[in-house]
Each structure stands twice: as C-alpha cells, then as structure tokens.
file data18.cif (mmCIF, C-alpha atoms)
data_work
loop_
_atom_site.label_atom_id
_atom_site.label_comp_id
_atom_site.auth_asym_id
_atom_site.auth_seq_id
_atom_site.Cartn_x
_atom_site.Cartn_y
_atom_site.Cartn_z
CA MET A 1 0.00 0.00 0.00
CA HIS A 2 2.95 2.23 -0.56
CA ASP A 3 2.36 2.93 -4.22
CA PRO A 4 -1.26 3.85 -4.97
CA ASN A 5 -0.77 3.28 -8.67
CA ASP A 6 0.53 -0.21 -8.32
CA HIS A 7 -1.85 -2.82 -9.73
CA ASP A 8 -0.56 -5.75 -7.74
CA LEU A 9 -0.65 -6.14 -4.02
CA THR A 10 2.62 -5.76 -2.17
CA ALA A 11 3.76 -8.50 0.17
CA ALA A 12 2.61 -6.49 3.14
CA GLU A 13 -0.79 -5.90 1.57
CA ARG A 14 -1.11 -9.58 0.72
CA GLU A 15 -0.24 -10.45 4.27
CA ALA A 16 -2.79 -7.96 5.56
CA PHE A 17 -5.52 -9.48 3.38
CA ASP A 18 -4.51 -13.03 4.38
CA ALA A 19 -4.75 -12.06 8.03
CA LEU A 20 -8.40 -11.15 7.71
CA PRO A 21 -10.67 -13.75 9.28
CA ARG A 22 -12.44 -16.03 6.79
CA GLU A 23 -14.83 -17.59 9.26
CA ALA A 24 -17.15 -16.11 11.86
CA MET A 25 -20.37 -17.38 13.36
CA PRO A 26 -23.32 -15.03 13.70
CA SER A 27 -25.40 -14.98 16.87
CA ARG A 28 -27.30 -18.11 17.86
CA VAL A 29 -30.49 -16.08 17.53
CA LEU A 30 -30.04 -16.00 13.76
CA GLU A 31 -30.10 -19.80 13.52
CA GLU A 32 -33.38 -19.96 15.44
CA ARG A 33 -34.79 -17.12 13.35
CA ILE A 34 -33.98 -18.92 10.11
CA VAL A 35 -35.32 -22.26 11.39
CA SER A 36 -38.54 -20.53 12.45
CA ALA A 37 -38.89 -18.87 9.04
CA LEU A 38 -38.31 -22.18 7.25
CA ARG A 39 -40.83 -23.91 9.51
CA ALA A 40 -43.37 -21.19 8.83
CA ARG A 41 -42.85 -21.65 5.11
CA GLY A 42 -43.30 -25.44 5.51
CA ASP A 43 -39.77 -26.34 4.46
CA LEU A 44 -38.80 -27.80 7.82
CA GLY A 45 -40.50 -29.89 10.44
CA THR A 46 -42.35 -32.28 8.14
CA ARG A 47 -40.46 -34.92 10.12
CA PRO A 48 -39.52 -34.60 13.83
CA ALA A 49 -36.03 -33.25 14.45
CA GLY A 50 -33.48 -35.86 15.38
CA ARG A 51 -35.24 -38.65 13.62
CA PRO A 52 -32.85 -40.06 11.03
CA ALA A 53 -33.78 -39.86 7.38
CA TRP A 54 -34.62 -43.03 5.51
CA ASP A 55 -31.43 -44.58 4.30
CA TRP A 56 -31.60 -46.99 1.36
CA ARG A 57 -28.72 -48.89 2.93
CA ARG A 58 -31.31 -50.14 5.43
CA LEU A 59 -33.22 -51.85 2.64
CA PRO A 60 -31.57 -55.29 3.10
CA LEU A 61 -32.31 -55.15 6.82
CA ALA A 62 -35.93 -54.21 6.18
CA ALA A 63 -36.24 -56.97 3.59
CA ALA A 64 -34.77 -59.49 6.01
CA ALA A 65 -37.22 -58.39 8.71
CA ALA A 66 -40.14 -58.66 6.27
CA ALA A 67 -38.99 -62.11 5.15
CA GLY A 68 -38.71 -63.20 8.80
CA ILE A 69 -42.25 -62.03 9.54
CA ALA A 70 -43.56 -63.76 6.40
CA LEU A 71 -41.75 -66.99 7.35
CA PHE A 72 -43.20 -66.85 10.86
CA ALA A 73 -46.73 -66.26 9.51
CA CYS A 74 -46.36 -69.17 7.06
CA GLY A 75 -45.09 -71.44 9.84
CA LEU A 76 -47.98 -70.44 12.06
CA ALA A 77 -50.55 -71.13 9.32
CA LEU A 78 -48.93 -74.47 8.46
CA GLY A 79 -48.88 -75.45 12.13
CA GLN A 80 -52.55 -74.57 12.51
CA TRP A 81 -53.46 -76.52 9.38
CA LEU A 82 -51.50 -79.57 10.48
CA GLY A 83 -52.96 -79.29 13.97
CA ALA A 84 -56.51 -79.08 12.60
CA ARG A 85 -55.91 -82.04 10.31
CA HIS A 86 -54.54 -84.13 13.19
CA THR A 87 -57.46 -83.15 15.39
CA ALA A 88 -59.97 -84.22 12.73
CA GLU A 89 -58.17 -87.50 12.24
CA ALA A 90 -58.06 -88.06 15.97
CA MET A 91 -61.80 -87.35 16.30
CA LEU A 92 -62.52 -89.75 13.46
CA ALA A 93 -60.31 -92.39 15.02
CA LEU A 94 -62.05 -91.86 18.34
CA GLN A 95 -65.46 -92.24 16.71
CA ARG A 96 -64.26 -95.36 14.94
CA GLN A 97 -62.89 -96.61 18.21
CA ASP A 98 -66.20 -95.84 19.98
CA ALA A 99 -68.17 -97.76 17.33
CA ALA A 100 -65.82 -100.72 17.66
CA ASN A 101 -66.06 -100.57 21.43
CA ALA A 102 -69.87 -100.40 21.26
CA ALA A 103 -69.98 -103.39 18.91
CA ALA A 104 -67.69 -105.34 21.23
CA ALA A 105 -69.85 -104.35 24.21
CA VAL A 106 -73.01 -105.55 22.35
CA GLN A 107 -71.20 -108.77 21.58
CA ARG A 108 -70.12 -109.26 25.18
CA THR A 109 -73.45 -108.34 26.81
CA GLY A 110 -75.40 -110.34 24.19
CA SER A 111 -73.36 -113.40 24.99
CA ALA A 112 -73.82 -112.78 28.69
CA TYR A 113 -77.59 -112.35 28.17
CA LEU A 114 -77.80 -115.66 26.27
CA SER A 115 -75.73 -117.40 28.92
CA ALA A 116 -78.02 -116.03 31.61
CA LEU A 117 -81.11 -117.16 29.70
CA GLY A 118 -79.59 -120.64 29.27
CA ALA A 119 -78.89 -120.82 32.98
CA LEU A 120 -82.47 -119.68 33.71
CA ALA A 121 -83.87 -122.37 31.40
CA GLN A 122 -81.89 -125.06 33.17
CA ALA A 123 -82.84 -123.80 36.59
CA SER A 124 -86.54 -123.13 35.83
CA ALA A 125 -87.63 -126.73 36.58
CA SER A 126 -86.03 -127.02 39.98
CA SER A 127 -85.95 -123.40 41.28
CA ASP A 128 -88.49 -121.20 43.03
CA PRO A 129 -91.28 -120.44 40.49
CA GLN A 130 -91.58 -116.82 41.64
CA GLU A 131 -87.85 -116.21 41.17
CA VAL A 132 -88.03 -117.87 37.77
CA ALA A 133 -91.04 -115.65 36.81
CA ARG A 134 -89.17 -112.47 37.92
CA ALA A 135 -86.07 -113.57 35.92
CA ARG A 136 -88.27 -114.35 32.91
CA ALA A 137 -89.96 -110.89 33.13
CA ALA A 138 -86.54 -109.26 33.36
CA ALA A 139 -85.36 -111.23 30.36
CA GLN A 140 -88.47 -110.18 28.44
CA ASN A 141 -87.91 -106.51 29.35
CA VAL A 142 -84.32 -106.68 28.14
CA LEU A 143 -85.46 -108.37 24.93
CA HIS A 144 -88.18 -105.69 24.46
CA GLU A 145 -85.74 -102.80 25.04
CA ALA A 146 -83.21 -104.47 22.77
CA ALA A 147 -85.86 -104.76 20.03
CA ASN A 148 -86.74 -101.09 20.54
CA GLU A 149 -83.08 -100.07 20.14
CA MET A 150 -82.80 -102.26 17.04
CA VAL A 151 -85.89 -100.59 15.50
CA ARG A 152 -84.42 -97.12 16.34
CA MET A 153 -81.14 -98.17 14.78
CA ALA A 154 -82.70 -99.84 11.72
CA PRO A 155 -86.43 -98.90 11.30
CA ASP A 156 -86.85 -101.22 8.30
CA ASP A 157 -85.47 -104.25 10.05
CA PRO A 158 -88.34 -106.81 9.89
CA VAL A 159 -87.04 -109.06 12.66
CA SER A 160 -87.01 -106.31 15.29
CA ALA A 161 -90.44 -105.06 14.17
CA GLU A 162 -91.88 -108.58 14.44
CA ILE A 163 -90.48 -108.96 17.92
CA LEU A 164 -92.12 -105.70 19.06
CA GLN A 165 -95.40 -106.61 17.41
CA GLY A 166 -95.23 -109.97 19.17
CA PHE A 167 -94.81 -108.18 22.50
CA ASP A 168 -97.78 -105.95 21.72
CA ARG A 169 -100.03 -108.87 20.81
CA ALA A 170 -99.06 -110.71 23.98
CA ARG A 171 -99.92 -107.62 26.08
CA VAL A 172 -103.31 -107.26 24.34
CA GLN A 173 -104.13 -110.90 24.93
CA ALA A 174 -103.08 -110.74 28.57
CA THR A 175 -104.99 -107.58 29.41
CA PRO A 176 -108.75 -108.82 29.07
CA ALA A 177 -108.03 -111.88 31.21
CA SER A 178 -106.61 -109.87 34.04
CA ALA A 179 -109.09 -106.86 33.90
CA GLY A 180 -112.19 -108.24 32.08
CA GLY A 181 -114.82 -107.47 34.86
CA LYS A 182 -113.70 -103.91 35.33
CA GLN A 183 -114.00 -102.95 31.60
CA ARG A 184 -117.72 -103.44 31.66
CA LEU A 185 -118.19 -100.54 34.05
CA VAL A 186 -119.05 -97.23 32.45
CA TRP A 187 -118.31 -94.12 34.48
CA PHE A 188 -120.13 -90.80 33.89
CA MET B 1 -19.34 -37.05 9.37
CA THR B 2 -22.47 -37.15 7.26
CA PRO B 3 -21.78 -35.87 3.72
CA ASP B 4 -23.35 -32.56 2.69
CA ARG B 5 -25.20 -34.32 -0.12
CA THR B 6 -26.97 -36.66 2.30
CA LEU B 7 -27.98 -33.74 4.54
CA VAL B 8 -29.22 -31.76 1.55
CA GLU B 9 -31.40 -34.72 0.46
CA ALA B 10 -32.77 -35.11 3.99
CA VAL B 11 -33.74 -31.43 4.12
CA SER B 12 -35.22 -31.22 0.64
CA ARG B 13 -37.07 -34.56 0.79
CA ASP B 14 -38.15 -34.80 4.43
CA GLY B 15 -37.80 -31.29 5.83
CA ASP B 16 -35.36 -32.75 8.32
CA GLU B 17 -34.63 -29.98 10.81
CA ALA B 18 -31.63 -31.73 12.37
CA ALA B 19 -30.04 -32.11 8.95
CA PHE B 20 -30.64 -28.43 8.23
CA ARG B 21 -29.07 -27.34 11.50
CA GLU B 22 -26.04 -29.47 10.72
CA LEU B 23 -25.67 -27.85 7.29
CA TYR B 24 -26.19 -24.40 8.80
CA ARG B 25 -23.52 -24.84 11.46
CA ARG B 26 -21.14 -26.31 8.92
CA HIS B 27 -21.38 -23.59 6.25
CA THR B 28 -22.61 -20.37 7.87
CA PRO B 29 -19.20 -19.52 9.43
CA ARG B 30 -17.83 -19.27 5.88
CA LEU B 31 -20.83 -17.43 4.44
CA TYR B 32 -21.28 -14.84 7.18
CA PRO B 33 -17.95 -12.90 6.86
CA LEU B 34 -18.27 -12.86 3.07
CA VAL B 35 -21.74 -11.39 3.27
CA MET B 36 -20.70 -9.04 6.06
CA ARG B 37 -17.95 -7.55 3.84
CA MET B 38 -20.22 -7.39 0.82
CA VAL B 39 -22.77 -5.27 2.70
CA GLY B 40 -20.14 -3.02 4.22
CA GLY B 41 -19.81 -4.43 7.71
CA ALA B 42 -23.36 -3.81 8.91
CA GLU B 43 -24.13 -6.71 11.22
CA MET B 44 -27.92 -6.54 10.98
CA ASP B 45 -27.82 -6.27 7.19
CA ALA B 46 -25.42 -9.21 7.06
CA GLU B 47 -27.76 -11.35 9.18
CA ASP B 48 -30.70 -10.43 6.96
CA VAL B 49 -28.71 -11.46 3.89
CA VAL B 50 -27.56 -14.72 5.50
CA GLN B 51 -31.19 -15.53 6.31
CA GLU B 52 -32.27 -14.72 2.77
CA ALA B 53 -29.45 -16.86 1.41
CA TRP B 54 -30.53 -19.88 3.48
CA MET B 55 -34.17 -19.37 2.56
CA ARG B 56 -33.23 -19.40 -1.11
CA ALA B 57 -30.87 -22.33 -0.65
CA VAL B 58 -33.50 -24.52 1.03
CA ALA B 59 -36.05 -23.60 -1.61
CA GLY B 60 -33.58 -24.56 -4.33
CA MET B 61 -32.06 -27.66 -2.74
CA LYS B 62 -33.90 -29.95 -5.13
CA ARG B 63 -31.95 -28.26 -7.93
CA PHE B 64 -28.58 -28.77 -6.22
CA ARG B 65 -26.86 -31.29 -8.46
CA GLY B 66 -23.53 -31.44 -6.65
CA ASP B 67 -21.50 -30.12 -9.58
CA SER B 68 -19.73 -27.86 -7.10
CA SER B 69 -19.41 -28.24 -3.35
CA PHE B 70 -22.41 -27.21 -1.27
CA GLY B 71 -20.34 -24.45 0.34
CA THR B 72 -19.49 -22.91 -3.05
CA TRP B 73 -23.13 -23.18 -4.14
CA LEU B 74 -24.30 -21.53 -0.92
CA CYS B 75 -21.75 -18.70 -1.22
CA ALA B 76 -22.96 -17.98 -4.77
CA ILE B 77 -26.50 -17.72 -3.43
CA GLY B 78 -25.22 -15.49 -0.61
CA LEU B 79 -23.51 -13.17 -3.12
CA ASN B 80 -26.69 -12.84 -5.15
CA ALA B 81 -28.69 -12.17 -1.99
CA ALA B 82 -26.19 -9.51 -0.91
CA ARG B 83 -26.27 -7.85 -4.34
CA ASP B 84 -30.09 -7.85 -4.29
CA HIS B 85 -30.01 -6.38 -0.78
CA LEU B 86 -27.74 -3.53 -1.92
CA ARG B 87 -29.83 -2.97 -5.04
CA ARG B 88 -32.99 -2.60 -2.98
CA ARG B 89 -31.23 0.13 -1.03
CA GLY B 90 -29.93 1.76 -4.17
CA ARG B 91 -26.33 1.15 -3.22
CA TRP B 92 -25.31 -1.37 -5.85
CA GLY B 93 -23.47 -0.32 -9.00
CA VAL B 94 -20.55 -1.66 -10.94
CA THR B 95 -19.53 0.91 -13.53
CA GLU B 96 -17.24 0.44 -16.46
CA ASP B 97 -15.63 3.82 -15.90
CA VAL B 98 -13.12 3.61 -13.14
CA SER B 99 -13.05 7.38 -12.83
CA GLU B 100 -16.65 7.27 -11.57
CA VAL B 101 -15.56 5.51 -8.42
CA GLU B 102 -15.57 8.06 -5.69
CA ILE B 103 -13.36 7.69 -2.72
CA PRO B 104 -15.31 8.65 0.36
CA VAL B 105 -13.74 10.33 3.33
CA PRO B 106 -14.27 8.00 6.27
CA PRO B 107 -15.56 9.49 9.48
CA ALA B 108 -13.03 7.69 11.68
CA PRO B 109 -13.11 8.32 15.42
CA HIS B 110 -10.52 10.72 16.79
CA GLY B 111 -7.08 9.15 17.20
CA GLN B 112 -8.16 5.73 15.95
CA ARG B 113 -6.20 4.09 13.17
CA LEU B 114 -8.26 2.88 10.22
CA ASP B 115 -7.73 -0.84 9.70
CA LEU B 116 -8.07 -2.77 6.48
CA GLU B 117 -11.49 -4.17 7.39
CA ARG B 118 -12.87 -0.70 7.98
CA ALA B 119 -11.29 0.62 4.77
CA ILE B 120 -12.93 -2.17 2.76
CA ALA B 121 -16.28 -1.38 4.36
CA LEU B 122 -15.98 2.24 3.29
CA LEU B 123 -15.48 1.41 -0.40
CA PRO B 124 -18.40 1.81 -2.81
CA PRO B 125 -20.40 -1.47 -2.87
CA GLY B 126 -19.62 -2.43 -6.50
CA CYS B 127 -15.86 -2.23 -6.36
CA ARG B 128 -15.87 -3.46 -2.75
CA ALA B 129 -17.53 -6.69 -3.89
CA ILE B 130 -14.85 -7.25 -6.49
CA LEU B 131 -12.02 -6.56 -4.06
CA VAL B 132 -13.56 -8.93 -1.49
CA LEU B 133 -14.05 -11.69 -4.02
CA HIS B 134 -10.62 -11.32 -5.60
CA ASP B 135 -8.25 -10.37 -2.79
CA ILE B 136 -9.94 -12.10 0.14
CA GLU B 137 -11.93 -14.99 -1.32
CA GLY B 138 -9.46 -15.77 -4.11
CA PHE B 139 -11.90 -15.69 -7.06
CA THR B 140 -10.46 -15.13 -10.53
CA HIS B 141 -11.70 -12.29 -12.73
CA ASP B 142 -13.52 -14.84 -14.91
CA GLU B 143 -15.36 -16.21 -11.90
CA ILE B 144 -16.19 -12.75 -10.62
CA ALA B 145 -17.46 -11.68 -14.03
CA ARG B 146 -19.65 -14.77 -14.24
CA GLN B 147 -20.90 -14.42 -10.69
CA LEU B 148 -21.75 -10.71 -10.90
CA GLY B 149 -22.80 -10.68 -14.54
CA ILE B 150 -20.17 -8.16 -15.68
CA ALA B 151 -17.34 -8.14 -18.20
CA VAL B 152 -13.93 -9.45 -17.18
CA GLY B 153 -12.42 -6.07 -18.05
CA THR B 154 -14.87 -4.35 -15.75
CA SER B 155 -13.87 -6.67 -12.95
CA LYS B 156 -10.18 -5.82 -13.50
CA SER B 157 -10.73 -2.08 -13.69
CA GLN B 158 -12.97 -2.11 -10.63
CA LEU B 159 -10.36 -4.06 -8.69
CA PHE B 160 -7.77 -1.49 -9.63
CA ALA B 161 -10.05 1.30 -8.48
CA ALA B 162 -10.91 -0.51 -5.25
CA ARG B 163 -7.28 -1.11 -4.35
CA ARG B 164 -6.40 2.48 -5.12
CA ALA B 165 -9.26 3.72 -2.98
CA ALA B 166 -8.30 1.45 -0.09
CA ARG B 167 -4.71 2.54 -0.24
CA THR B 168 -5.77 6.17 -0.24
CA LEU B 169 -8.04 5.61 2.72
CA LEU B 170 -5.40 3.82 4.74
CA ALA B 171 -2.61 6.25 3.81
CA GLY B 172 -4.78 9.27 4.55
CA HIS B 173 -5.70 8.00 7.95
CA LYS B 174 -2.17 7.10 8.77
CA GLU B 175 -1.20 10.64 7.93
CA MET B 176 -4.17 12.01 9.81
CA SER B 177 -3.50 9.94 12.93
CA HIS B 178 0.24 10.73 12.79
CA ALA B 179 -0.46 14.41 12.43
CA ARG B 180 -2.68 14.46 15.51
CA PRO B 181 -0.95 15.03 18.91
CA GLU B 182 -1.31 12.11 21.32
#

call {"tool": "encode", "arguments": {"input": "data18.cif", "output": "structure tokens"}}
result
Amino acid sequence: MHDPNDHDLTAAEREAFDALPREAMPSRVLEERIVSALRARGDLGTRPAGRPAWDWRRLPLAAAAAAGIALFACGLALGQWLGARHTAEAMLALQRQDAANAAAAVQRTGSAYLSALGALAQASASSDPQEVARARAAAQNVLHEAANEMVRMAPDDPVSAEILQGFDRARVQATPASAGGKQRLVWF
Amino acid sequence: MTPDRTLVEAVSRDGDEAAFRELYRRHTPRLYPLVMRMVGGAEMDAEDVVQEAWMRAVAGMKRFRGDSSFGTWLCAIGLNAARDHLRRRGRWGVTEDVSEVEIPVPPAPHGQRLDLERAIALLPPGCRAILVLHDIEGFTHDEIARQLGIAVGTSKSQLFAARRAARTLLAGHKEMSHARPE
C-alpha cells in the first residue's frame, strides 16, 4: 500500500488481506430465526427433528425383517393346518374306536344275556317259580328294550319289528283276562 | 461425518430440521464474513442477507446437483442475496468507468487508526464486492465476471479502483492519525 498506482498487491498488503478472518459465526439467535422462518414456510418440520432420514442402505435389513415375519406367519398357518388335520383325524379315530367298542360291548353283553337265559332255562324246573317268573320278566324286558333299540337303529329291520309286534299282541291278549270285569263298568 | 449431499437430500425430501441445523452450522461460518464484507460491515444487514441466502438455498435444494461443493453453491446464493439487498437500497453499481468511483472520506473516530477491514467497508459497494471476491476470497476475474454478470475487463478495472481507494483511505488515515498530537 505504498504505491497507490501499483496494480498488484505488495507482500505487506497480501499479508494484511490473508490475516483477515475467513470464518465467523453469527449470533445463535439468527439460527433460530432462520429455522422458524423455514418452519413457517413449511420447508422444515415435516419430520420430527433428530429422527434419522430413511437410508436406502437399510433396505436389506428391512427386507430381512419382512422375510422373517412372512416366514413366521407361514409357519404359524402351516402349524394350525396340520394341527386341525390331526385333530380331525383323531376325532374320526375316536369315533371309529367308539363304534368298535360299542360293537364289542353288544357282543359281550349279548353273549352274557344268552348265557343267563340258558342258565335260567336249566334252573326253571327245579328253582323257586316266583324267582323264575321275575327272571323271565326281566329277560323279556331286556329283549323288548333291545328290540326297541334295534328298530331305532334300523327302522326297516323286519325281525325287530316282528319282535315288538309280538310283544304288543301278547300284552293285548293278557290284558282282558286280568281286567275283564272292570271294563264293563261305564263311568259318567 | 455425514456428507453434505446426504444432509441436503434429507432437508429437501423430508424437511429434516436436524439435517438443516447441521448444514447451517457447517457452512454459515464461511458465508457470514463474506456477506458481512459485501454489505459493508453492517451486522444486521449481514444477518438479513444470511437468512435470505438460506431461505433461497432450502427452496432450491432440489436443484442442487452437486457439480460444485455445497459451500461454493451456498456462497454464490449469498452473493446474489447480498447484491439484491444492496440494489434494494440503491447502493449497488458496478460501472465500467473507473473514474466514476468516488473515494469517500471515512468518518473515523478521533485518534483511531483505520484498519483494512474498515477501509474495505468504506469502499463503494460495487468495487468493494470485487475486491472482497478477488483479494480475500481468491476468485479469478472470470469467476467474478460470471458471478456478478459483468465483463472481465470491468472486474479488472474495478479491482484497480478498489485497491487504489483502499490505499488512499489507509494512507490518509495514517497521515491524519500521525499528524494528531497524542
């Protein structure tokens, strides 16, 4: 700055310019003022401050998480389907088992009933007639109930129907003999 | 450190305030003194221009392609904002004729030596801008001409005038302060 007509800066002038500060921070108030103005204009604050922006580098992680959830859902559905199928099969097996058990029980009790009837037939000649009559009535009741169950099970079964009709005829024939005098009375 | 480009995308796409504050604190210290010198050292004017520069920068972030650094891009916006600020006040003018540049007489306080910063602030705004960009910021005349929309020759002649004016101001004050009794 010694020669006013000199175009170029002298070393001292260059040094003086280099010594000038290149950086300075304005007051903190200015930052808040600018942020407020940007918020008011709608340029800032569309997302909460501090929350990180979406980063596409997170895509593999998100995909892995989605795949994990999908795998879990598929496993759950498969488990429920298999469980339901097993339950149905188990119920069917139980029903089959119940039918088999019932058939076996019919077989066993039928055999026992026939054995008891055979024993009653052998003992009827020598035993107490009243006991024999009670046993015979019990046997008839069982036979009647059995015929009823057979008709309920198979309504078109002629054998069971004949047995029931036979019981009915026997009851009709027995009734006038036991209550014949009383039926002639007419009550008004 | 998060790259400027990532922060710019976060601000322009999501309005991310934290990303903006990071950009602001990273680049304002460079922008503020430049703007301060452009407007002649007035602190309030400089703050207004810095605010205007950031408002324009955020509005235009979607257009930031990254051809230059974000700091350079922001400083260019700051220069335009400062020029517009001076124009609004009728203080901006870059003339071709160097002889039109008037050297003002600074009203320096009694006994106080005029420093370089004060001398720059007293220059007329047009030639002051060129001196700041060339001698402090290191721009070439081509860059200055492009940035301010003037001819390269105008930039050179204005720099000459600005330096001459600064030298006169500093020399005059030295003489004035030396002439005064302590």

call {"tool": "residues_around", "arguments": {"input": "data18.cif", "residues": "B:Phe139", "least_positions_apart": "4", "cutoff": "12 Å", "atoms": "only C-alpha atoms", "output": "number ranges by chain"}}
result
B: 72, 75-76, 129-135, 143-148, 155-156, 159

call {"tool": "closest_atom_pairs", "arguments": {"input": "data18.cif", "of": "chain B", "to": "chain A", "cutoff": "9 Å", "atoms": "only C-alpha atoms", "output": "JSON lines"}}
result
{"residue": "B:Leu7", "atom": "CA", "partner": "A:Ala53", "partner_atom": "CA", "distance": 8.9}
{"residue": "B:Glu9", "atom": "CA", "partner": "A:Ala53", "partner_atom": "CA", "distance": 8.9}
{"residue": "B:Ala10", "atom": "CA", "partner": "A:Ala53", "partner_atom": "CA", "distance": 5.9}
{"residue": "B:Val11", "atom": "CA", "partner": "A:Leu44", "partner_atom": "CA", "distance": 7.2}
{"residue": "B:Ser12", "atom": "CA", "partner": "A:Asp43", "partner_atom": "CA", "distance": 7.7}
{"residue": "B:Asp14", "atom": "CA", "partner": "A:Arg47", "partner_atom": "CA", "distance": 6.1}
{"residue": "B:Gly15", "atom": "CA", "partner": "A:Leu44", "partner_atom": "CA", "distance": 4.1}
{"residue": "B:Asp16", "atom": "CA", "partner": "A:Arg47", "partner_atom": "CA", "distance": 5.8}
{"residue": "B:Glu17", "atom": "CA", "partner": "A:Ala49", "partner_atom": "CA", "distance": 5.1}
{"residue": "B:Ala18", "atom": "CA", "partner": "A:Ala49", "partner_atom": "CA", "distance": 5.1}
{"residue": "B:Ala19", "atom": "CA", "partner": "A:Gly50", "partner_atom": "CA", "distance": 8.2}
{"residue": "B:Phe20", "atom": "CA", "partner": "A:Leu44", "partner_atom": "CA", "distance": 8.2}
{"residue": "B:Arg21", "atom": "CA", "partner": "A:Glu31", "partner_atom": "CA", "distance": 7.9}
{"residue": "B:Tyr24", "atom": "CA", "partner": "A:Glu31", "partner_atom": "CA", "distance": 7.7}
{"residue": "B:Arg25", "atom": "CA", "partner": "A:Met25", "partner_atom": "CA", "distance": 8.3}
{"residue": "B:Thr28", "atom": "CA", "partner": "A:Met25", "partner_atom": "CA", "distance": 6.6}
{"residue": "B:Pro29", "atom": "CA", "partner": "A:Met25", "partner_atom": "CA", "distance": 4.6}
{"residue": "B:Arg30", "atom": "CA", "partner": "A:Glu23", "partner_atom": "CA", "distance": 4.8}
{"residue": "B:Leu31", "atom": "CA", "partner": "A:Glu23", "partner_atom": "CA", "distance": 7.7}
{"residue": "B:Tyr32", "atom": "CA", "partner": "A:Ala24", "partner_atom": "CA", "distance": 6.4}
{"residue": "B:Pro33", "atom": "CA", "partner": "A:Ala24", "partner_atom": "CA", "distance": 6.0}
{"residue": "B:Leu34", "atom": "CA", "partner": "A:Arg22", "partner_atom": "CA", "distance": 7.6}
{"residue": "B:Glu43", "atom": "CA", "partner": "A:Pro26", "partner_atom": "CA", "distance": 8.7}
{"residue": "B:Glu47", "atom": "CA", "partner": "A:Leu30", "partner_atom": "CA", "distance": 6.9}
{"residue": "B:Asp48", "atom": "CA", "partner": "A:Leu30", "partner_atom": "CA", "distance": 8.8}
{"residue": "B:Val50", "atom": "CA", "partner": "A:Leu30", "partner_atom": "CA", "distance": 8.7}
{"residue": "B:Gln51", "atom": "CA", "partner": "A:Ile34", "partner_atom": "CA", "distance": 5.8}
{"residue": "B:Glu52", "atom": "CA", "partner": "A:Ile34", "partner_atom": "CA", "distance": 8.6}
{"residue": "B:Trp54", "atom": "CA", "partner": "A:Ile34", "partner_atom": "CA", "distance": 7.5}
{"residue": "B:Met55", "atom": "CA", "partner": "A:Leu38", "partner_atom": "CA", "distance": 6.9}
{"residue": "B:Val58", "atom": "CA", "partner": "A:Asp43", "partner_atom": "CA", "distance": 7.4}
{"residue": "B:Ala59", "atom": "CA", "partner": "A:Asp43", "partner_atom": "CA", "distance": 7.6}
{"residue": "B:Leu116", "atom": "CA", "partner": "A:Ala16", "partner_atom": "CA", "distance": 7.5}
{"residue": "B:Glu117", "atom": "CA", "partner": "A:Leu20", "partner_atom": "CA", "distance": 7.6}
{"residue": "B:Asp135", "atom": "CA", "partner": "A:Phe17", "partner_atom": "CA", "distance": 6.8}
{"residue": "B:Ile136", "atom": "CA", "partner": "A:Phe17", "partner_atom": "CA", "distance": 6.1}
{"residue": "B:Glu137", "atom": "CA", "partner": "A:Arg22", "partner_atom": "CA", "distance": 8.2}
{"residue": "B:Leu159", "atom": "CA", "partner": "A:His7", "partner_atom": "CA", "distance": 8.7}
{"residue": "B:Phe160", "atom": "CA", "partner": "A:His7", "partner_atom": "CA", "distance": 6.1}
{"residue": "B:Arg163", "atom": "CA", "partner": "A:Pro4", "partner_atom": "CA", "distance": 7.8}
{"residue": "B:Arg164", "atom": "CA", "partner": "A:Pro4", "partner_atom": "CA", "distance": 5.3}
{"residue": "B:Ala165", "atom": "CA", "partner": "A:Pro4", "partner_atom": "CA", "distance": 8.2}
{"residue": "B:Ala166", "atom": "CA", "partner": "A:Met1", "partner_atom": "CA", "distance": 8.4}
{"residue": "B:Arg167", "atom": "CA", "partner": "A:Met1", "partner_atom": "CA", "distance": 5.4}
{"residue": "B:Thr168", "atom": "CA", "partner": "A:Pro4", "partner_atom": "CA", "distance": 6.9}
{"residue": "B:Leu170", "atom": "CA", "partner": "A:Met1", "partner_atom": "CA", "distance": 8.1}
{"residue": "B:Ala171", "atom": "CA", "partner": "A:Met1", "partner_atom": "CA", "distance": 7.8}

call {"tool": "atom_distance", "arguments": {"input": "data18.cif", "atom1": "atom CA of B:Arg87", "atom2": "atom CA of B:Gln158"}}
result
17.8 Å

call {"tool": "atom_distance", "arguments": {"input": "data18.cif", "atom1": "atom CA of A:Ala103", "atom2": "atom CA of A:His144"}}
result
19.2 Å

call {"tool": "atom_distance", "arguments": {"input": "data18.cif", "atom1": "atom CA of A:Val106", "atom2": "atom CA of A:Glu149"}}
result
11.7 Å

call {"tool": "residues_around", "arguments": {"input": "data18.cif", "residues": "A:Ser124", "least_positions_apart": "6", "cutoff": "12 Å", "atoms": "only C-alpha atoms", "output": "list of chain:residue names"}}
result
A:Ala116, A:Leu117, A:Gly118, A:Gln130, A:Glu131, A:Val132, A:Ala133, A:Arg134, A:Ala135, A:Arg136

call {"tool": "closest_residue", "arguments": {"input": "data18.cif", "among": "B:Ala42, B:Ala53, B:Leu74, B:Ala161", "to": "B:Arg26", "atoms": "all atoms listed in the file"}}
result
B:Leu74
